[in-house]
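> Please read through the structure below; I'll follow up with questions.
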Amino acid sequence: MQDTPFELGGLKFQSRLIVGTGKYRDFAETKAAVEASGAEIVTVAVRRVNITDRGKENLLDYLDPKRYQILPNTAGCFTADEAVRTCRLAREVGVGELVKLEVIGDKRTLFPDVVATIEAARVLVKEGFKVMPYATDDPVTCLRLQEIGCVAVMPLAAPIGSGLGIRNPFNLAIIIEQAKVPVIVDAGVGTASDAAEAMELGCDGVLMNTAIAGAKDPLAMALAMKLAVEAGRLAYRAGRIERKLYATASSPLTGLIG
């Protein structure tokens, strides 16, 4: 079944899996995992991973910006001002205007600061950035971010790095129903079934880092996530059967041979 391309901020992609670049042993392992995942969009924490200093080992020496869409993110920012400055820095070094906005409100849970995220999103959209905000799985928050002009909304499945999977599929269903921009599950994915579930619900994509980088075999998990996203997307498009309380015979009872 021929699928439509994944459109994001005026760009088109075939893969609906977005992967991060943190927590790997080295840049070589990062490169190998990204290749195994089949991802075309790679997110980079500007404040934690070197993409600005060409005098030191640089991630962009391993991941060619001509091959991958580099998605700078504001991980580690706790205020709207910090996040805005980080995005401006990323634009100055030439990695584009498509950015993942992340403003953390609590160091223990790493839940997003909704008020600060909305504040930063407003500023960045006005400055011409194509903003993809990390948010709670709250339909109202996601609606507000969409109305501001964000090119996607990125509700969490569970806390960052928790591996708990999708905790509230019902909220995600509402977010998807009301969305006029892509919905990308971000944070909390632990294994391939979590990624497949997100896609089966109708999400447009899945973003993950720890689930791959923290696996015992990151390259195998990267491939598993690639296949899971593809399978979940195909299952969503195929249309699952209705859930029923009682059994329905696979073979009809009419016309039985006596």
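Residues in the structure tokens are numbered from 1 in each chain, the chains being A, B, ... in the order shown, and ligands are numbered from 1 in the order shown.
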Could I get the residues of range 16-115 of chain A with an atom no further than 12 Å from an atom of range 180-204 of chain A, each paired with its nearest atom pair and that distance in Å to one decimal, using only C-alpha atoms, sorted by chain and residue number, as CSV?

residue,atom,partner,partner_atom,distance
A:Arg16,CA,A:Asp204,CA,6.8
A:Leu17,CA,A:Ala195,CA,9.0
A:Ile18,CA,A:Ile184,CA,9.1
A:Val19,CA,A:Asp186,CA,10.0
A:Gly20,CA,A:Asp186,CA,10.5
A:Ser37,CA,A:Ala192,CA,11.8
A:Thr43,CA,A:Asp186,CA,11.5
A:Lys100,CA,A:Asp186,CA,10.4
A:Leu101,CA,A:Asp186,CA,11.5
A:Glu102,CA,A:Asp186,CA,10.7
A:Thr109,CA,A:Gly188,CA,11.6
A:Leu110,CA,A:Ala187,CA,10.1
A:Phe111,CA,A:Ala187,CA,10.0
A:Pro112,CA,A:Ala187,CA,11.1
> Grab the CA of Leu8 in chain A to CA of Val44 in chain A distance for me, in Å with one decimal place.
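That distance, rounded to one decimal, is 17.1 Å.
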> Would you list, as a PyMOL selection string, the residues of range 91-249 of chain A that end up in helix (DSSP H, G or I) under DSSP run on this structure's backbone?
chain A and resi 91-92+114-126+139-148+169-178+192-201+210-213+218-238
> Enumerate the residues of range 13-162 of chain A with a DSSP assignment of strand (DSSP E), computed from the backbone, and present them as a list in words.
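Result set for range 13-162 of chain A (strand (DSSP E)): Phe13, Leu17, Ile18, Val19, Gly20, Ile41, Val42, Thr43, Val44, Ala45, Gln69, Ile70, Leu71, Pro72, Asn73, Leu98, Val99, Lys100, Leu101, Lys130, Val131, Met132, Pro133, Tyr134, Ala135, Met154 and Pro155 of chain A.
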> Can you list, as a PyMOL selection string, every protein, DNA or RNA residue that comes within 9 Å of Arg144 in chain A when you count only C-alpha atoms, leaving out same-chain residues fewer than 5 positions away?
chain A and resi 118+139+149
> From the list A:Cys87, A:Asn73, A:Asn171, A:Gln2, which residue is nearest Phe129 in chain A when using only C-alpha atoms?
A:Cys87
> Could you give me, as a ChimeraX atom specification, the residues within 9 Å of Val95 in chain A, counting only C-alpha atoms and dropping anything in the same chain fewer than 2 positions from it?
/A:51,65,69-72,90-93,97-98
> Using only N, CA, C and O atoms, please write the residues we just selected to a file, as a CSV table (one decimal), in the first residue's frame.

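As written to disk, out28.csv reads:
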chain,number,residue,atom,x,y,z
A,51,ILE,N,27.6,20.7,18.0
A,51,ILE,CA,27.4,20.9,16.6
A,51,ILE,C,27.9,22.3,16.2
A,51,ILE,O,27.7,22.7,15.0
A,65,PRO,N,24.4,16.7,7.2
A,65,PRO,CA,23.2,17.5,7.1
A,65,PRO,C,22.5,17.5,5.7
A,65,PRO,O,21.3,17.8,5.6
A,69,GLN,N,17.8,15.6,8.0
A,69,GLN,CA,17.3,16.8,8.5
A,69,GLN,C,17.7,16.9,10.0
A,69,GLN,O,17.2,16.2,10.8
A,70,ILE,N,18.6,17.8,10.3
A,70,ILE,CA,19.0,18.0,11.7
A,70,ILE,C,18.0,18.9,12.4
A,70,ILE,O,17.7,20.0,11.9
A,71,LEU,N,17.5,18.4,13.5
A,71,LEU,CA,16.4,19.0,14.2
A,71,LEU,C,17.0,19.5,15.6
A,71,LEU,O,17.1,18.7,16.5
A,72,PRO,N,17.5,20.7,15.7
A,72,PRO,CA,18.0,21.2,17.0
A,72,PRO,C,16.9,21.2,18.0
A,72,PRO,O,15.8,21.6,17.7
A,90,ALA,N,21.2,27.8,17.2
A,90,ALA,CA,21.1,26.8,16.2
A,90,ALA,C,21.0,27.4,14.8
A,90,ALA,O,21.6,26.9,13.8
A,91,ARG,N,20.2,28.4,14.7
A,91,ARG,CA,20.0,29.0,13.4
A,91,ARG,C,21.3,29.7,12.9
A,91,ARG,O,21.6,29.7,11.7
A,92,GLU,N,22.0,30.3,13.8
A,92,GLU,CA,23.3,31.0,13.5
A,92,GLU,C,24.3,30.0,12.9
A,92,GLU,O,25.1,30.4,12.1
A,93,VAL,N,24.3,28.7,13.4
A,93,VAL,CA,25.3,27.8,12.9
A,93,VAL,C,24.8,27.0,11.7
A,93,VAL,O,25.5,26.1,11.1
A,97,GLU,N,15.7,26.2,10.4
A,97,GLU,CA,14.7,26.9,11.3
A,97,GLU,C,13.7,25.9,11.9
A,97,GLU,O,12.8,26.3,12.6
A,98,LEU,N,13.8,24.7,11.5
A,98,LEU,CA,12.9,23.7,12.1
A,98,LEU,C,13.5,23.3,13.4
A,98,LEU,O,14.6,22.8,13.5
> Which polymer residues have any atom within 8 Å of an atom of Asn209 in chain A, counting only C-alpha atoms, with same-chain residues fewer than 3 positions away left out, as a list in words?
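Residues meeting the cut-off are Val19, Gly20, Thr21, Gly22, Lys23, Gly161, Ile212 and Ala213 of chain A.
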> Under the rule of at most 12 Å, produce a per-residue listing of range 119-210 of chain A near range 81-85 of chain A: chain, number, name, the closest pair of atoms, and the distance in Å, as a tab-separated table, using only C-alpha atoms.

residue	atom	partner	partner_atom	distance
A:Glu119	CA	A:Asp81	CA	9.0
A:Ala120	CA	A:Val84	CA	6.2
A:Ala121	CA	A:Val84	CA	8.4
A:Arg122	CA	A:Val84	CA	10.0
A:Val123	CA	A:Val84	CA	7.5
A:Leu124	CA	A:Val84	CA	6.6
A:Val125	CA	A:Val84	CA	10.4
A:Lys126	CA	A:Val84	CA	11.4
A:Glu127	CA	A:Val84	CA	9.9
A:Gly128	CA	A:Val84	CA	12.0
A:Phe129	CA	A:Val84	CA	10.1
A:Val131	CA	A:Val84	CA	10.9
A:Pro133	CA	A:Ala83	CA	10.9
A:Tyr134	CA	A:Ala83	CA	12.0
> Give me, as a list in words, all polymer residues having an atom no more than 9 Å from Asn168 in chain A, counting only C-alpha atoms and skipping those fewer than 5 positions away in the same chain.
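My list of contacting residues is Asp137, Ala157, Ala158 and Ala173 of chain A.
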> List the spatial neighbours of Pro218 in chain A as an mmCIF file with C-alpha atoms, in the first residue's frame - criterion: any atom at most 10 Å away, only C-alpha atoms, same-chain residues fewer than 6 positions off excluded.

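Once everything was written out, this is result.cif:
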data_model
loop_
_atom_site.group_PDB
_atom_site.id
_atom_site.type_symbol
_atom_site.label_atom_id
_atom_site.label_comp_id
_atom_site.auth_asym_id
_atom_site.auth_seq_id
_atom_site.Cartn_x
_atom_site.Cartn_y
_atom_site.Cartn_z
ATOM 1 C CA TYR A 24 25.287 6.736 23.012
ATOM 2 C CA GLU A 29 27.575 4.339 17.616
ATOM 3 C CA THR A 30 25.182 7.256 17.146
ATOM 4 C CA ALA A 32 25.292 3.376 13.204
ATOM 5 C CA ALA A 33 22.046 3.496 15.193
ATOM 6 C CA VAL A 34 20.628 6.332 13.097
ATOM 7 C CA ALA A 36 19.775 1.235 11.307
ATOM 8 C CA SER A 37 16.642 3.189 12.255
ATOM 9 C CA THR A 210 16.597 6.514 25.278
ATOM 10 C CA ALA A 211 14.607 3.521 24.011
ATOM 11 C CA ILE A 212 17.276 2.953 21.368
ATOM 12 C CA ALA A 224 13.031 -2.924 15.631
#
> If I take CA of Lys244 in chain A and CA of Ala228 in chain A, how far is one from the other in Å, to one decimal?
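Those two atoms sit 25.2 Å apart.
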> Give the answer as one residue: which of A:Ala45, A:Glu57, A:Glu7, A:Lys12 has the shortest atom-to-atom distance to Asp26 in chain A, using only C-alpha atoms?
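Once distances to Asp26 in chain A are computed over only C-alpha atoms, the minimum belongs to A:Glu57.
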> I need the residue nearest Glu230 in chain A from this list: A:Val206, A:Met154, A:Ala249, A:Ile175. Use only C-alpha atoms for the distance.
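Of A:Val206, A:Met154, A:Ala249, A:Ile175, the one nearest Glu230 in chain A is A:Val206, counting only C-alpha atoms.
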